[in-house]
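Coordinates from input.txt are shown below (compact mmCIF, C-alpha atoms and all ligand atoms).
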# COMPACT_ATOMS: atom_id res chain seq x y z
CA MET D 1 120.46 105.41 96.47
CA ILE D 2 121.50 108.55 98.27
CA SER D 3 122.48 108.66 101.91
CA GLU D 4 120.20 109.99 104.63
CA LYS D 5 122.53 112.92 105.01
CA GLU D 6 122.35 113.88 101.35
CA PHE D 7 118.59 113.47 101.41
CA SER D 8 118.24 115.79 104.42
CA ARG D 9 120.35 118.36 102.64
CA ASN D 10 118.24 118.11 99.49
CA LEU D 11 115.07 118.29 101.55
CA SER D 12 116.25 121.52 103.21
CA THR D 13 117.11 122.99 99.83
CA VAL D 14 113.68 122.14 98.39
CA LYS D 15 111.91 123.49 101.48
CA GLU D 16 113.88 126.74 101.22
CA GLN D 17 112.93 126.99 97.57
CA ILE D 18 109.27 126.52 98.49
CA GLU D 19 109.50 129.18 101.20
CA LYS D 20 111.20 131.65 98.86
CA ALA D 21 108.58 131.13 96.21
CA CYS D 22 105.84 131.53 98.82
CA ASP D 23 107.34 134.84 100.00
CA LYS D 24 107.60 136.06 96.45
CA TYR D 25 104.04 135.16 95.46
CA GLY D 26 102.25 135.89 98.72
CA ARG D 27 101.50 132.30 99.61
CA SER D 28 101.84 130.35 102.83
CA ALA D 29 104.20 127.36 102.81
CA GLU D 30 101.69 125.52 105.02
CA ASP D 31 99.29 125.42 102.09
CA ILE D 32 101.71 123.46 99.93
CA THR D 33 102.24 119.74 100.37
CA LEU D 34 105.59 118.37 99.30
CA LEU D 35 105.00 114.93 97.78
CA PRO D 36 108.29 113.07 97.31
CA VAL D 37 108.22 110.92 94.18
CA THR D 38 109.94 107.64 94.96
CA LYS D 39 109.45 105.93 91.58
CA ASN D 40 112.42 104.03 90.17
CA TRP D 41 114.00 103.94 93.63
CA SER D 42 113.90 101.10 96.10
CA VAL D 43 111.67 101.11 99.15
CA ASP D 44 114.60 102.68 101.03
CA ALA D 45 113.59 105.98 99.42
CA VAL D 46 110.22 105.71 101.18
CA LYS D 47 111.90 104.78 104.45
CA ILE D 48 114.20 107.81 104.25
CA CYS D 49 111.07 109.95 103.88
CA GLU D 50 109.56 108.31 106.95
CA VAL D 51 112.70 109.05 108.97
CA ASN D 52 112.30 112.69 107.96
CA GLY D 53 108.66 112.77 109.04
CA ILE D 54 107.13 112.54 105.57
CA LYS D 55 104.38 109.92 105.45
CA ARG D 56 103.00 110.40 101.95
CA VAL D 57 104.75 109.71 98.64
CA GLY D 58 103.97 109.52 94.93
CA GLU D 59 104.54 106.52 92.66
CA ASN D 60 103.76 106.14 88.98
CA ARG D 61 103.71 102.39 88.53
CA VAL D 62 101.08 100.25 90.20
CA GLN D 63 103.06 97.08 90.84
CA GLU D 64 106.15 98.91 92.07
CA ALA D 65 104.02 100.90 94.51
CA LEU D 66 102.08 97.90 95.81
CA GLN D 67 105.33 96.13 96.58
CA LYS D 68 106.68 99.09 98.53
CA MET D 69 103.42 99.43 100.46
CA GLU D 70 103.90 95.99 101.95
CA SER D 71 106.96 97.03 103.92
CA THR D 72 105.90 100.64 104.66
CA PRO D 73 102.47 100.41 106.30
CA GLY D 74 102.88 103.87 107.87
CA THR D 75 103.09 105.69 104.54
CA ASP D 76 100.26 106.79 102.22
CA TYR D 77 100.77 106.48 98.49
CA ASP D 78 99.39 108.65 95.71
CA LEU D 79 99.22 107.21 92.21
CA ILE D 80 100.60 109.81 89.80
CA GLY D 81 101.22 107.73 86.67
CA HIS D 82 98.86 106.71 83.88
CA LEU D 83 96.51 103.93 84.96
CA GLN D 84 95.44 101.19 82.55
CA SER D 85 91.87 100.07 83.16
CA ASN D 86 92.89 96.43 83.63
CA LYS D 87 94.83 97.53 86.72
CA ALA D 88 92.00 99.55 88.26
CA LYS D 89 91.04 96.75 90.60
CA MET D 90 94.54 96.74 92.06
CA VAL D 91 94.52 100.38 93.11
CA VAL D 92 91.13 101.22 94.59
CA GLY D 93 91.33 101.46 98.36
CA LYS D 94 95.09 101.04 98.23
CA PHE D 95 96.20 104.51 97.13
CA SER D 96 95.30 107.50 99.28
CA CYS D 97 94.62 109.43 96.08
CA ILE D 98 94.57 108.47 92.41
CA GLN D 99 95.83 111.64 90.75
CA SER D 100 95.95 110.30 87.21
CA VAL D 101 92.28 109.85 86.30
CA ASP D 102 92.27 110.85 82.66
CA SER D 103 89.24 109.34 80.87
CA PHE D 104 85.57 108.40 81.16
CA LYS D 105 86.59 104.79 80.87
CA ILE D 106 88.90 104.74 83.87
CA LEU D 107 86.44 106.83 85.87
CA ASP D 108 83.71 104.24 85.32
CA LYS D 109 85.99 101.38 86.15
CA LEU D 110 87.24 102.96 89.39
CA ALA D 111 83.73 103.89 90.48
CA LYS D 112 82.43 100.39 89.91
CA ILE D 113 85.24 98.80 91.90
CA ALA D 114 85.03 101.34 94.72
CA ASN D 115 81.32 100.57 94.91
CA GLU D 116 81.93 96.85 95.17
CA LEU D 117 84.54 97.39 97.88
CA ASN D 118 82.30 99.90 99.62
CA VAL D 119 85.00 102.57 99.80
CA LYS D 120 85.03 106.23 98.82
CA GLN D 121 88.15 106.68 96.69
CA PRO D 122 89.74 110.17 96.51
CA ILE D 123 90.82 111.13 93.01
CA LEU D 124 92.16 114.06 91.01
CA LEU D 125 91.40 114.60 87.35
CA GLN D 126 94.57 114.78 85.31
CA VAL D 127 94.28 117.57 82.76
CA ASN D 128 96.54 118.13 79.79
CA ALA D 129 96.59 121.82 80.64
CA GLY D 130 99.65 122.50 78.49
CA GLU D 131 98.06 120.86 75.44
CA ASP D 132 101.11 118.65 75.07
CA PRO D 133 100.59 115.79 72.58
CA ALA D 134 103.14 113.73 74.55
CA LYS D 135 101.12 113.87 77.77
CA PHE D 136 98.15 111.97 79.13
CA GLY D 137 95.28 113.96 80.54
CA ILE D 138 91.79 115.16 79.76
CA SER D 139 91.77 118.08 77.33
CA ILE D 140 90.68 121.40 78.79
CA GLU D 141 87.53 121.36 76.64
CA GLU D 142 86.43 117.97 77.97
CA VAL D 143 86.87 118.69 81.67
CA THR D 144 83.38 120.08 82.36
CA GLU D 145 81.75 116.92 81.03
CA VAL D 146 84.13 114.44 82.67
CA LEU D 147 83.90 116.26 85.99
CA GLY D 148 80.10 116.35 85.78
CA LYS D 149 80.11 112.62 85.39
CA ALA D 150 82.68 112.09 88.19
CA LEU D 151 80.56 114.11 90.60
CA ASN D 152 77.64 111.75 90.00
CA LEU D 153 79.69 108.74 91.07
CA SER D 154 79.15 108.49 94.80
CA SER D 155 82.03 106.04 95.35
CA LEU D 156 84.58 108.60 94.16
CA ARG D 157 85.55 111.91 95.75
CA VAL D 158 87.03 114.53 93.42
CA ASP D 159 89.51 116.63 95.41
CA GLY D 160 90.87 118.66 92.50
CA PHE D 161 93.13 118.53 89.49
CA MET D 162 96.60 117.44 88.45
CA THR D 163 98.78 118.40 85.51
CA ILE D 164 102.29 117.87 84.15
CA ALA D 165 103.74 120.83 82.27
CA PRO D 166 105.22 120.33 78.79
CA TYR D 167 108.97 119.76 78.91
CA ASP D 168 110.59 123.07 77.98
CA PRO D 169 113.61 123.69 80.24
CA ASP D 170 114.73 126.80 78.33
CA ASN D 171 111.49 128.66 78.81
CA ASN D 172 109.77 128.51 82.19
CA GLN D 173 106.89 130.56 80.86
CA THR D 174 105.61 127.36 79.19
CA ALA D 175 105.15 125.68 82.57
CA ARG D 176 103.72 128.84 84.10
CA ASP D 177 101.10 129.14 81.34
CA CYS D 178 100.15 125.50 81.80
CA PHE D 179 99.71 125.95 85.56
CA ALA D 180 97.73 129.17 85.06
CA ASN D 181 95.42 127.23 82.73
CA LEU D 182 94.81 124.61 85.40
CA ARG D 183 94.11 127.20 88.11
CA LYS D 184 91.65 129.08 85.89
CA LEU D 185 89.99 125.82 84.97
CA ARG D 186 89.64 124.91 88.64
CA ASP D 187 88.13 128.31 89.41
CA ALA D 188 85.66 127.93 86.54
CA MET D 189 84.67 124.43 87.69
CA SER D 190 84.22 125.66 91.27
CA GLU D 191 81.77 128.26 89.90
CA ILE D 192 79.86 125.81 87.74
CA TYR D 193 79.56 123.01 90.28
CA ASN D 194 79.62 125.14 93.42
CA MET D 195 82.39 123.09 95.00
CA THR D 196 85.89 123.91 96.23
CA PHE D 197 88.20 121.42 94.45
CA LYS D 198 90.97 122.44 96.81
CA ASP D 199 93.83 120.35 95.38
CA LEU D 200 95.98 121.58 92.52
CA SER D 201 98.74 119.03 92.09
CA MET D 202 101.22 120.80 89.86
CA GLY D 203 104.95 121.48 89.83
CA MET D 204 107.94 119.13 89.86
CA SER D 205 111.68 119.60 90.54
CA GLY D 206 112.21 121.86 87.54
CA ASP D 207 109.09 124.04 87.69
CA LEU D 208 107.96 124.27 91.29
CA ASN D 209 108.43 128.05 91.45
CA GLU D 210 106.05 128.56 88.53
CA ALA D 211 103.57 126.15 90.12
CA ILE D 212 103.60 127.97 93.45
CA ALA D 213 103.15 131.27 91.62
CA GLU D 214 99.97 129.88 90.06
CA GLY D 215 98.42 128.39 93.18
CA SER D 216 99.76 124.85 93.44
CA THR D 217 98.78 123.04 96.64
CA MET D 218 100.96 120.00 95.98
CA ILE D 219 104.35 119.74 94.31
CA ARG D 220 105.61 116.33 93.26
CA VAL D 221 109.37 116.22 93.63
CA GLY D 222 111.64 113.38 92.57
CA SER D 223 115.09 114.26 91.27
CA ALA D 224 115.63 117.34 93.47
CA LEU D 225 115.30 115.06 96.51
CA PHE D 226 116.75 111.75 95.35
CA GLY D 227 119.02 112.74 92.47
CA GLN D 228 118.86 111.67 88.83
CA ARG D 229 118.44 108.07 87.92
CA GLU D 230 118.23 106.16 84.66
CA LYS D 231 114.90 104.41 84.14
CA ASN D 232 114.82 100.67 84.90
CA GLN D 233 118.33 100.79 86.26
C1 LIG Q 1 108.53 111.55 87.94
C2 LIG Q 1 107.38 112.42 88.18
C3 LIG Q 1 107.50 113.58 88.99
C4 LIG Q 1 108.81 114.03 89.60
O1 LIG Q 1 109.65 114.53 88.61
P1 LIG Q 1 111.05 115.24 88.98
O2 LIG Q 1 111.32 116.08 87.79
O3 LIG Q 1 112.02 114.14 89.17
O4 LIG Q 1 110.83 116.04 90.20
C5 LIG Q 1 106.36 114.33 89.19
N1 LIG Q 1 105.16 113.99 88.66
C6 LIG Q 1 105.01 112.90 87.89
C7 LIG Q 1 103.68 112.58 87.33
C8 LIG Q 1 106.12 112.08 87.61
O5 LIG Q 1 105.95 111.00 86.84
Kindly return the structure encoded in the file as structure tokens.
Amino acid sequence: MISEKEFSRNLSTVKEQIEKACDKYGRSAEDITLLPVTKNWSVDAVKICEVNGIKRVGENRVQEALQKMESTPGTDYDLIGHLQSNKAKMVVGKFSCIQSVDSFKILDKLAKIANELNVKQPILLQVNAGEDPAKFGISIEEVTEVLGKALNLSSLRVDGFMTIAPYDPDNNQTARDCFANLRKLRDAMSEIYNMTFKDLSMGMSGDLNEAIAEGSTMIRVGSALFGQREKNQ
């Protein structure tokens, strides 16, 4: 786990990178939320965020996140990892946003549970906008139908869309194309359903410039803030 000092330095570097990208692409840094991804790190990673005034983080495993929540009541958690339907009852009302809604099945399950709990659960639809066979996400062609269904579920609130770009570190155009696809899709859905869908959660440590260029409103940053870490270490 990195020291607070190192974290502050990394945070400044990432913020500068965001500001530079915003200058370059005519965006305002205020319109971009930096979501630190604390997965695979202990709860101390969340506490370091709190010390630096950041009260919202992303986690990709349900159990790991629920554990951290217990000792960090002041922080909101977004779920950014694939959700199995048998875990749906553990997440509704607990996560400030479920960004990884990627099927009819999970949509139904979440809606039913949110109904029972009498909460309105914010969600994003995860789209496989880079058509990457290795990624979860609704295919671009299916989004109109899935979104239509989601909008009829009164216990869910669809704030926008999330995507993960295909891994292609030698060619950042791949990520940029993926993010452009998601933005165009959002614009088309806004037309069709006459709604804003303000959130575009796209961009990570390695492709946040491309994401900002294409209209990202939330970048999910792990390694650039906390360093690299082996899984399950
Ligand atoms: C791990 C993860 C991130 C952060 O990735 P980094 O490359 O470490 O910034 C972002 N989004 C999702 C969905 C992740 O699982």
Problem set entry | Separation of CA of Lys94 in chain D from CA of Ser42 in chain D in Å | 18.9 Å
Exercise. What's the 12 Å shell around Met69 in chain D, counting all atoms listed in the file, without same-chain residues fewer than 3 positions away, as number ranges by chain?
Worked result: D: 38, 42-44, 46-47, 55-59, 62-66, 72-78, 91, 94-96
Mind writing the picked residues with C-alpha atoms as a tab-separated table (two decimals), in the coordinates of the input?
chain	number	residue	atom	x	y	z
D	38	THR	CA	109.94	107.64	94.96
D	42	SER	CA	113.90	101.10	96.10
D	43	VAL	CA	111.67	101.11	99.15
D	44	ASP	CA	114.60	102.68	101.03
D	46	VAL	CA	110.22	105.71	101.18
D	47	LYS	CA	111.90	104.78	104.45
D	55	LYS	CA	104.38	109.92	105.45
D	56	ARG	CA	103.00	110.40	101.95
D	57	VAL	CA	104.75	109.71	98.64
D	58	GLY	CA	103.97	109.52	94.93
D	59	GLU	CA	104.54	106.52	92.66
D	62	VAL	CA	101.08	100.25	90.20
D	63	GLN	CA	103.06	97.08	90.84
D	64	GLU	CA	106.15	98.91	92.07
D	65	ALA	CA	104.02	100.90	94.51
D	66	LEU	CA	102.08	97.90	95.81
D	72	THR	CA	105.90	100.64	104.66
D	73	PRO	CA	102.47	100.41	106.30
D	74	GLY	CA	102.88	103.87	107.87
D	75	THR	CA	103.09	105.69	104.54
D	76	ASP	CA	100.26	106.79	102.22
D	77	TYR	CA	100.77	106.48	98.49
D	78	ASP	CA	99.39	108.65	95.71
D	91	VAL	CA	94.52	100.38	93.11
D	94	LYS	CA	95.09	101.04	98.23
D	95	PHE	CA	96.20	104.51	97.13
D	96	SER	CA	95.30	107.50	99.28
Closest atom pairs, residues of chain D within 12 Å of ligand LIG 1 (chain Q), all atoms listed in the file, as CSV:
residue,atom,partner,partner_atom,distance
D:Val14,CA,Q:LIG1,O4,10.6
D:Leu34,CA,Q:LIG1,O4,10.8
D:Leu35,CA,Q:LIG1,C5,8.7
D:Pro36,CA,Q:LIG1,C4,7.8
D:Val37,CA,Q:LIG1,C4,5.6
D:Thr38,CA,Q:LIG1,C1,8.2
D:Lys39,CA,Q:LIG1,C1,6.8
D:Asn40,CA,Q:LIG1,C1,8.8
D:Trp41,CA,Q:LIG1,C1,11.0
D:Val57,CA,Q:LIG1,C5,10.6
D:Gly58,CA,Q:LIG1,N1,7.8
D:Glu59,CA,Q:LIG1,O5,7.5
D:Asn60,CA,Q:LIG1,O5,5.7
D:Arg61,CA,Q:LIG1,O5,9.1
D:Asp78,CA,Q:LIG1,C7,10.2
D:Leu79,CA,Q:LIG1,C7,8.5
D:Ile80,CA,Q:LIG1,C7,4.8
D:Gly81,CA,Q:LIG1,C7,5.5
D:His82,CA,Q:LIG1,C7,8.3
D:Leu83,CA,Q:LIG1,C7,11.5
D:Ile98,CA,Q:LIG1,C7,11.2
D:Gln99,CA,Q:LIG1,C7,8.6
D:Ser100,CA,Q:LIG1,C7,8.1
D:Val101,CA,Q:LIG1,C7,11.8
D:Gln126,CA,Q:LIG1,C7,9.6
D:Val127,CA,Q:LIG1,C7,11.6
D:Asn128,CA,Q:LIG1,C7,11.8
D:Lys135,CA,Q:LIG1,C7,10.0
D:Phe136,CA,Q:LIG1,C7,9.9
D:Gly137,CA,Q:LIG1,C7,10.9
D:Met162,CA,Q:LIG1,C7,8.7
D:Thr163,CA,Q:LIG1,C7,7.8
D:Ile164,CA,Q:LIG1,C7,6.3
D:Ala165,CA,Q:LIG1,N1,9.5
D:Pro166,CA,Q:LIG1,C7,11.6
D:Tyr167,CA,Q:LIG1,O2,9.9
D:Pro169,CA,Q:LIG1,O2,11.0
D:Ser201,CA,Q:LIG1,N1,8.9
D:Met202,CA,Q:LIG1,N1,8.0
D:Gly203,CA,Q:LIG1,C5,7.3
D:Met204,CA,Q:LIG1,O4,4.2
D:Ser205,CA,Q:LIG1,O4,3.7
D:Gly206,CA,Q:LIG1,O2,5.9
D:Asp207,CA,Q:LIG1,O2,8.3
D:Leu208,CA,Q:LIG1,O4,8.8
D:Met218,CA,Q:LIG1,N1,10.4
D:Ile219,CA,Q:LIG1,C5,7.7
D:Arg220,CA,Q:LIG1,C5,4.6
D:Val221,CA,Q:LIG1,O4,3.7
D:Gly222,CA,Q:LIG1,O3,3.5
D:Ser223,CA,Q:LIG1,O3,3.7
D:Ala224,CA,Q:LIG1,O4,6.0
D:Leu225,CA,Q:LIG1,O4,7.8
D:Phe226,CA,Q:LIG1,O3,8.1
D:Gly227,CA,Q:LIG1,O3,7.9
D:Gln228,CA,Q:LIG1,O3,7.3
D:Arg229,CA,Q:LIG1,O3,8.9
D:Glu230,CA,Q:LIG1,O3,11.1
D:Lys231,CA,Q:LIG1,C1,10.3
Exercise. With only C-alpha atoms as the atoms that count, which of D:Lys15, D:Lys109, D:Lys5, D:Lys20 lies nearest to Leu153 in chain D?
Worked result: D:Lys109
Exercise. Interatomic distance between CA of Thr144 in chain D and CA of Leu156 in chain D?
Worked result: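 Atom-to-atom, CA of Thr144 in chain D to CA of Leu156 in chain D, that is 16.5 Å.
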For this session: Give me, please, the distance in Å between CA of Lys89 in chain D and CA of Lys68 in chain D, quoted to one decimal.
Result: 17.7 Å
Exercise. Of the candidates D:Ser12, D:Ala211, D:Asp23, D:Asn115, which one gets nearest to Asn172 in chain D if we count all atoms listed in the file?
Worked result: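 Answer, going by the shortest atom-to-atom distance: D:Ala211.
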Exercise. Do you know which residues are at most 10 Å from Ala88 in chain D counting only C-alpha atoms, after dropping those on the same chain fewer than 5 positions away, and could you put them as number ranges by chain?
Worked result: D: 62, 83, 106-114
Exercise. What's the 10 Å shell around Glu16 in chain D, counting only C-alpha atoms, without same-chain residues fewer than 6 positions away, as a ChimeraX atom specification?
Worked result: /D:10,22,29
Can you list, as a compact mmCIF listing (two decimals) with C-alpha atoms, keeping the file's coordinate frame, every protein, DNA or RNA residue that comes within 12 Å of Glu142 in chain D when you count all atoms listed in the file, leaving out same-chain residues fewer than 6 positions away?
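Okay, around.txt is ready:
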# COMPACT_ATOMS: atom_id res chain seq x y z
CA ASP D 102 92.27 110.85 82.66
CA SER D 103 89.24 109.34 80.87
CA PHE D 104 85.57 108.40 81.16
CA LEU D 125 91.40 114.60 87.35
CA GLN D 126 94.57 114.78 85.31
CA VAL D 127 94.28 117.57 82.76
CA ASN D 128 96.54 118.13 79.79
CA ALA D 129 96.59 121.82 80.64
CA GLY D 148 80.10 116.35 85.78
CA LYS D 149 80.11 112.62 85.39
CA LEU D 185 89.99 125.82 84.97
CA MET D 189 84.67 124.43 87.69
Problem set entry | Nearest residue to Phe161 in chain D from the set D:Leu117, D:Leu11, D:Cys97, D:Ala21 (distances using all atoms listed in the file) |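 Closest to Phe161 in chain D of all the choices is D:Cys97.
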Mind giving me the axis-aligned box for range 61-79 of chain D with 5 Å on every side, centre plus edges in Å to one decimal, as JSON?
{"center_x": 103.1, "center_y": 102.3, "center_z": 98.2, "size_x": 17.7, "size_y": 22.7, "size_z": 29.3}
For this session: Using all atoms listed in the file, find the one residue out of D:Asn118, D:Thr33, D:Thr13, D:Ser216 that sits nearest to Leu200 in chain D.
Result: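 Going through D:Asn118, D:Thr33, D:Thr13, D:Ser216 one by one, the smallest distance to Leu200 in chain D is for D:Ser216.
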Exercise. Which one of D:Leu182, D:Ile48, D:Ala175, D:Ile192 sits closest to Leu147 in chain D if you count only C-alpha atoms?
Worked result: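 Under the stated criterion, the closest residue is D:Ile192.
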